[in-house]
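Input: a single structure, listed below in structure tokens.
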Amino acid sequence: MKKTLTHAALIAAAKNFCGLSHAYTELFGVTDGKAIGTFIEHAFQNQLAAQFDLQIGNSASGLDLPMIETDIKVTSVRQPQSSSPFRSARQKVYGLGYNLLFFVYDKQDNARTKKAKLDFVSCAFIESSCTGDYRTTRNLLQILANDAMQEEIAAYLNDSYLLTDEAERNALADEIMRTPPTQGYLGTWLKPEWRTWYNRVIELDEPVAGIVKVVQR
């Protein structure tokens, strides 16, 4: 009988996956980061499926592993970022609403073997609570530490172009006053798709509650 997938089991499986040899003829000469990422995601999901009773997500759910509310991202060390579905500017304050497991690879093509070798130079599991925008949450927490009033929070949201609608801005400011955010560790930029940068997590050199550095080289 296959085991139940948990966060701890996922982290252990990710560490094992990163330690394997990854050389693929299918990726030789491929420069499309999305294609590489999809290939590696499927390879990791296949490893999970061999061990665990797995429910793989789809475009409707928006998550790769909905049973543990986790999405998988794979990105190159040359530009460690990815896209995420954008729902609301509130996500910059309170996070994505789900956990992230990301893999950062370095790819080298071998002309002799006609294979692409991937080394995973970083891998981390980030709990949902830590997926807010680093700069936004840091600034809001500093403002709150100085006994800010609701109007000051709303002014910051306006000045930082998070929300242009006054009613939405005031509602979010009220929520922030009632429920201060947790410090986030992602870098984000709001476009039609939310671009997410992982540099701050990759460069962390001290433990942070809610972030597990699976691999760091």
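Note on naming: chains are A, B, ... as they come in the structure tokens, residues start from 1 per chain, ligands start from 1 in the order shown.
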
What parts of range 104-196 of chain A does DSSP call alpha helix (DSSP H)? I'd like the answer as a compact mmCIF listing (two decimals) with C-alpha atoms, in the first residue's frame.
```
# COMPACT_ATOMS: atom_id res chain seq x y z
CA TYR A 134 9.60 40.68 1.17
CA ARG A 135 9.70 44.44 0.71
CA THR A 136 5.96 45.00 1.10
CA THR A 137 5.67 43.00 4.33
CA ARG A 138 8.85 44.50 5.76
CA ASN A 139 7.62 48.05 5.15
CA LEU A 140 4.16 47.35 6.54
CA LEU A 141 5.58 45.75 9.69
CA GLN A 142 7.85 48.77 10.20
CA ILE A 143 4.90 51.14 9.81
CA LEU A 144 2.82 49.10 12.26
CA ALA A 145 5.69 49.06 14.78
CA GLN A 150 -5.32 53.14 9.28
CA GLU A 151 -4.84 56.20 7.08
CA GLU A 152 -1.07 55.68 7.04
CA ILE A 153 -1.44 52.08 5.96
CA ALA A 154 -3.88 53.10 3.23
CA ALA A 155 -1.46 55.80 2.09
CA TYR A 156 1.36 53.26 1.82
CA LEU A 157 -0.84 50.92 -0.24
CA ASN A 158 -1.64 53.84 -2.52
CA ASP A 159 1.95 55.12 -2.81
CA GLU A 166 -10.06 53.54 -2.59
CA ALA A 167 -12.66 51.18 -1.10
CA GLU A 168 -10.44 48.12 -1.64
CA ARG A 169 -7.43 50.01 -0.32
CA ASN A 170 -9.23 51.02 2.88
CA ALA A 171 -10.59 47.50 3.39
CA LEU A 172 -7.10 45.98 3.10
CA ALA A 173 -5.69 48.66 5.42
CA ASP A 174 -8.32 47.75 8.01
CA GLU A 175 -7.42 44.08 7.71
CA ILE A 176 -3.70 44.82 8.10
CA MET A 177 -4.42 46.83 11.26
CA ARG A 178 -6.40 43.89 12.69
```

(message) List the spatial neighbours of Asp205 in chain A as a ChimeraX atom specification - criterion: any atom at most 10 Å away, only C-alpha atoms, same-chain residues fewer than 5 positions off excluded.
(response) /A:200,213,216

Shell of 10 Å around Thr75 in chain A, only C-alpha atoms, local chain residues under 2 positions omitted, as a PDB file with C-alpha atoms, in the first residue's frame:
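And here's out-v9.pdb as it stands now:
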```
ATOM      1  CA  GLY A  33      12.929  27.327 -19.395  1.00  0.00           C
ATOM      2  CA  LYS A  34       9.235  26.467 -19.253  1.00  0.00           C
ATOM      3  CA  ILE A  36      12.689  22.267 -18.878  1.00  0.00           C
ATOM      4  CA  GLY A  37      10.668  23.102 -15.790  1.00  0.00           C
ATOM      5  CA  THR A  38       7.692  21.032 -16.939  1.00  0.00           C
ATOM      6  CA  ILE A  40      11.567  18.152 -14.257  1.00  0.00           C
ATOM      7  CA  LYS A  73       8.316  25.394  -9.321  1.00  0.00           C
ATOM      8  CA  VAL A  77      20.064  29.411 -11.482  1.00  0.00           C
ATOM      9  CA  ARG A  78      20.713  32.051 -14.168  1.00  0.00           C
ATOM     10  CA  GLN A  79      17.378  33.703 -13.405  1.00  0.00           C
ATOM     11  CA  PRO A  80      15.642  32.085 -10.416  1.00  0.00           C
ATOM     12  CA  GLN A  81      12.066  33.203 -10.965  1.00  0.00           C
ATOM     13  CA  SER A  82       8.742  31.794 -12.099  1.00  0.00           C
ATOM     14  CA  PHE A 102      11.051  25.154  -5.707  1.00  0.00           C
ATOM     15  CA  PHE A 103      14.040  23.603  -7.436  1.00  0.00           C
ATOM     16  CA  VAL A 104      16.885  25.690  -8.890  1.00  0.00           C
ATOM     17  CA  TYR A 105      19.009  23.933 -11.489  1.00  0.00           C
ATOM     18  CA  ASP A 106      22.233  24.552 -13.367  1.00  0.00           C
ATOM     19  CA  PHE A 120      20.204  21.202  -8.399  1.00  0.00           C
ATOM     20  CA  SER A 122      19.154  25.003  -4.415  1.00  0.00           C
ATOM     21  CA  TRP A 197      11.798  35.787  -7.494  1.00  0.00           C
ATOM     22  CA  TYR A 198      13.493  33.346  -5.109  1.00  0.00           C
TER      23      TYR A 198
END
```

Find the spatial neighbours of Thr182 in chain A, counting only C-alpha atoms, within a cut-off of 8 Å - ignore same-chain residues fewer than 5 positions away - and output them as a compact mmCIF listing (two decimals) with C-alpha atoms, in the first residue's frame.
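Generated output (out21.txt):
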```
# COMPACT_ATOMS: atom_id res chain seq x y z
CA TYR A 94 -0.55 37.81 3.09
CA SER A 129 2.77 32.11 5.65
CA CYS A 130 6.19 33.10 4.24
CA GLY A 132 4.32 37.29 0.86
CA THR A 137 5.67 43.00 4.33
```

(request) For range 30-32 of chain A, list every protein, DNA or RNA residue within 10 Å, evaluated using only C-alpha atoms, and leave out those in the same chain fewer than 3 positions away; present the list as a VMD selection string. (result) chain A and resid 25 to 27 35 to 37 107 109 116

Dump N, CA and C atoms for the selected residues as a PDB file, in the first residue's frame?
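After the write, again.pdb holds the following:
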```pdb
ATOM      1  N   THR A  25      18.701  13.048 -22.502  1.00  0.00           N
ATOM      2  CA  THR A  25      18.809  13.335 -23.935  1.00  0.00           C
ATOM      3  C   THR A  25      17.680  14.260 -24.381  1.00  0.00           C
ATOM      4  N   GLU A  26      16.522  14.154 -23.718  1.00  0.00           N
ATOM      5  CA  GLU A  26      15.358  14.962 -24.104  1.00  0.00           C
ATOM      6  C   GLU A  26      15.592  16.460 -23.923  1.00  0.00           C
ATOM      7  N   LEU A  27      16.502  16.829 -23.027  1.00  0.00           N
ATOM      8  CA  LEU A  27      16.724  18.246 -22.730  1.00  0.00           C
ATOM      9  C   LEU A  27      17.987  18.795 -23.393  1.00  0.00           C
ATOM     10  N   ALA A  35       9.761  24.629 -20.750  1.00  0.00           N
ATOM     11  CA  ALA A  35       9.792  23.220 -21.160  1.00  0.00           C
ATOM     12  C   ALA A  35      10.665  22.402 -20.211  1.00  0.00           C
ATOM     13  N   ILE A  36      11.807  22.966 -19.814  1.00  0.00           N
ATOM     14  CA  ILE A  36      12.689  22.267 -18.878  1.00  0.00           C
ATOM     15  C   ILE A  36      11.993  22.089 -17.533  1.00  0.00           C
ATOM     16  N   GLY A  37      11.365  23.159 -17.069  1.00  0.00           N
ATOM     17  CA  GLY A  37      10.668  23.102 -15.790  1.00  0.00           C
ATOM     18  C   GLY A  37       9.565  22.063 -15.776  1.00  0.00           C
ATOM     19  N   LYS A 107      22.144  23.918 -15.719  1.00  0.00           N
ATOM     20  CA  LYS A 107      22.100  22.983 -16.850  1.00  0.00           C
ATOM     21  C   LYS A 107      23.347  23.127 -17.712  1.00  0.00           C
ATOM     22  N   ASP A 109      25.018  21.266 -21.244  1.00  0.00           N
ATOM     23  CA  ASP A 109      24.892  20.300 -22.335  1.00  0.00           C
ATOM     24  C   ASP A 109      26.243  19.640 -22.614  1.00  0.00           C
ATOM     25  N   ALA A 116      21.833  16.509 -21.591  1.00  0.00           N
ATOM     26  CA  ALA A 116      21.871  17.700 -20.735  1.00  0.00           C
ATOM     27  C   ALA A 116      21.966  17.242 -19.286  1.00  0.00           C
TER      28      ALA A 116
END
```

(request) Between A:Val212, A:Leu5, A:Ala12, A:Ala111, single out the one closest to Ile126 in chain A, counting only C-alpha atoms. (result) A:Val212

(message) Given only C-alpha atoms as the basis, pick out the residue of A:Gly97, A:Leu163, A:Lys114, A:Thr6 nearest to Leu65 in chain A.
(response)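 Of A:Gly97, A:Leu163, A:Lys114, A:Thr6, the one nearest Leu65 in chain A is A:Thr6, counting only C-alpha atoms.
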
(request) Mind checking which residues fall within 10 Å of Leu54 in chain A, counting only C-alpha atoms, ignoring those fewer than 5 positions away in the same chain, and posting them as a list in words? (result) Lys2, Lys3, Thr4, Leu5, Gln45, Asn46, Leu48, Ala49, Leu65, Pro66 and Met67 of chain A

(message) Would you compute the distance between CA of Gly187 in chain A and CA of Pro207 in chain A? Give it in Å to one decimal.
(response)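 CA of Pro207 in chain A lies at a distance of 18.5 Å from CA of Gly187 in chain A.
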
(request) Record the distance separating CA of Ala8 in chain A and CA of Phe125 in chain A, expressed in Å with one decimal. (result)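 Separating CA of Ala8 in chain A from CA of Phe125 in chain A is a distance of 9.8 Å.
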
(request) Run DSSP on the backbone and grab whatever in chain A lands in strand (DSSP E); send it over as a ChimeraX atom specification. (result) /A:3-4,23-24,52-53,70-76,81-84,99-110,115-126,187-190,194-197,211-216

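Minimum atom-to-atom distances from A:Trp189, A:Phe28, A:Val208, A:Val215 to Ser83 in chain A were compared using only C-alpha atoms, and the lowest value belongs to A:Trp189.
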